[in-house]
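Colleague: The structure file query.pdb (PDB, C-alpha atoms) is provided below.
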ATOM      1  CA  MET F  17     109.231 145.564  88.395
ATOM      2  CA  PHE F  18     105.780 143.994  87.993
ATOM      3  CA  ILE F  19     104.175 147.409  88.449
ATOM      4  CA  LEU F  20     106.118 148.765  85.462
ATOM      5  CA  ILE F  21     105.167 145.852  83.226
ATOM      6  CA  VAL F  22     101.489 145.696  84.197
ATOM      7  CA  GLY F  23     100.602 148.956  85.939
ATOM      8  CA  LEU F  24     102.038 151.414  83.453
ATOM      9  CA  PRO F  25     100.294 149.931  80.385
ATOM     10  CA  LEU F  26      97.029 149.803  82.342
ATOM     11  CA  TYR F  27      97.468 153.480  83.239
ATOM     12  CA  VAL F  28      98.092 154.360  79.583
ATOM     13  CA  ILE F  29      94.991 152.437  78.480
ATOM     14  CA  LEU F  30      92.926 154.155  81.180
ATOM     15  CA  ILE F  31      94.116 157.649  80.213
ATOM     16  CA  VAL F  32      93.640 157.063  76.472
ATOM     17  CA  ASN F  33      90.102 155.754  77.012
ATOM     18  CA  LEU F  34      89.282 158.609  79.381
ATOM     19  CA  ILE F  35      90.567 161.291  77.013
ATOM     20  CA  SER F  36      88.882 159.762  73.962
ATOM     21  CA  SER F  37      85.504 159.632  75.721
ATOM     22  CA  PHE F  38      85.249 163.443  75.625
ATOM     23  CA  ASP F  39      85.152 165.861  72.709
ATOM     24  CA  ARG F  40      88.509 167.321  71.798
ATOM     25  CA  PRO F  41      89.196 170.374  74.002
ATOM     26  CA  ASN F  42      91.020 173.472  72.851
ATOM     27  CA  PHE F  43      94.783 173.277  72.427
ATOM     28  CA  LEU F  44      95.823 174.645  75.831
ATOM     29  CA  VAL F  45      93.435 172.402  77.774
ATOM     30  CA  GLU F  46      94.564 169.385  75.776
ATOM     31  CA  LEU F  47      98.202 170.283  76.397
ATOM     32  CA  LEU F  48      97.537 170.581  80.132
ATOM     33  CA  ILE F  49      95.778 167.190  80.186
ATOM     34  CA  TYR F  50      98.692 165.480  78.460
ATOM     35  CA  LEU F  51     101.280 167.205  80.647
ATOM     36  CA  LEU F  52      99.493 166.236  83.852
ATOM     37  CA  SER F  53      98.836 162.668  82.764
ATOM     38  CA  GLY F  54     102.470 162.400  81.707
ATOM     39  CA  ILE F  55     103.661 163.425  85.170
ATOM     40  CA  VAL F  56     101.063 161.767  87.403
ATOM     41  CA  TRP F  57     102.043 158.205  86.433
ATOM     42  CA  ALA F  58     105.525 158.665  87.903
ATOM     43  CA  LEU F  59     104.413 159.814  91.348
ATOM     44  CA  PRO F  60     103.376 156.399  92.726
ATOM     45  CA  LEU F  61     106.468 154.808  91.156
ATOM     46  CA  ARG F  62     109.037 157.035  92.859
ATOM     47  CA  SER F  63     110.106 154.241  95.192
ATOM     48  CA  VAL F  64     110.678 151.898  92.252
ATOM     49  CA  PHE F  65     112.835 154.457  90.467
ATOM     50  CA  ARG F  66     114.855 155.208  93.605
ATOM     51  CA  GLY F  67     115.898 151.565  93.780
ATOM     52  CA  VAL F  68     116.952 151.317  90.145
ATOM     53  CA  GLY F  69     120.672 151.666  89.639
ATOM     54  CA  GLN F  70     121.637 151.313  93.286
ATOM     55  CA  ALA F  71     124.150 148.733  94.394
ATOM     56  CA  GLU F  72     122.827 145.407  95.650
ATOM     57  CA  GLU F  73     123.170 144.888  99.379
TER      58      GLU F  73
END
Write out the structure in this file as structure tokens.
Modeller:
Amino acid sequence: MFILIVGLPLYVILIVNLISSFDRPNFLVELLIYLLSGIVWALPLRSVFRGVGQAEE
């Protein structure tokens, strides 16, 4: 749970700073950047999401 509270906001801050450090790309490139950055954050957290909603053992 700690990774969701700390890691996800840090990822968002990193992506926003990274994107804002460059000039604005054309629409399709910008769309691709936001789509990829919106998907990539979930990949390392798959194990956390698999455990959510399962019965306690």
Colleague: Centre and edge lengths of an axis-aligned box around all listed atoms of stretch 55-64 of chain F, with 3 Å added on each side, are to be given in Å to one decimal, as lines of an AutoDock Vina configuration file.
Modeller:
center_x = 105.9
center_y = 157.7
center_z = 90.2
size_x = 15.6
size_y = 17.5
size_z = 16.0
Colleague: Do you know which residues the PyMOL selection byres ((chain F and resi 19) around 12) returns on this file, as a PyMOL selection string?
Modeller: chain F and resi 17-18+20-27+57-58+60-65
Colleague: Kindly give the distance, in Å, that separates atom CA of F:Pro41 and atom CA of F:Val56, rounded to a single decimal.
Modeller: 19.9 Å
Colleague: Using only C-alpha atoms for the distances, tell me which of F:Asn42, F:Leu47, F:Ser53, F:Arg66 is nearest to F:Leu30.
Modeller: F:Ser53
Colleague: Identify the residues around (89.2, 164.1, 82.0) within a radius of 12 Å, measuring from all atoms listed in the file in the coordinates stated by the file, and give them as an MDAnalysis selection string.
Modeller: chainID F and resid 30:41 45:46 48:50 52:53
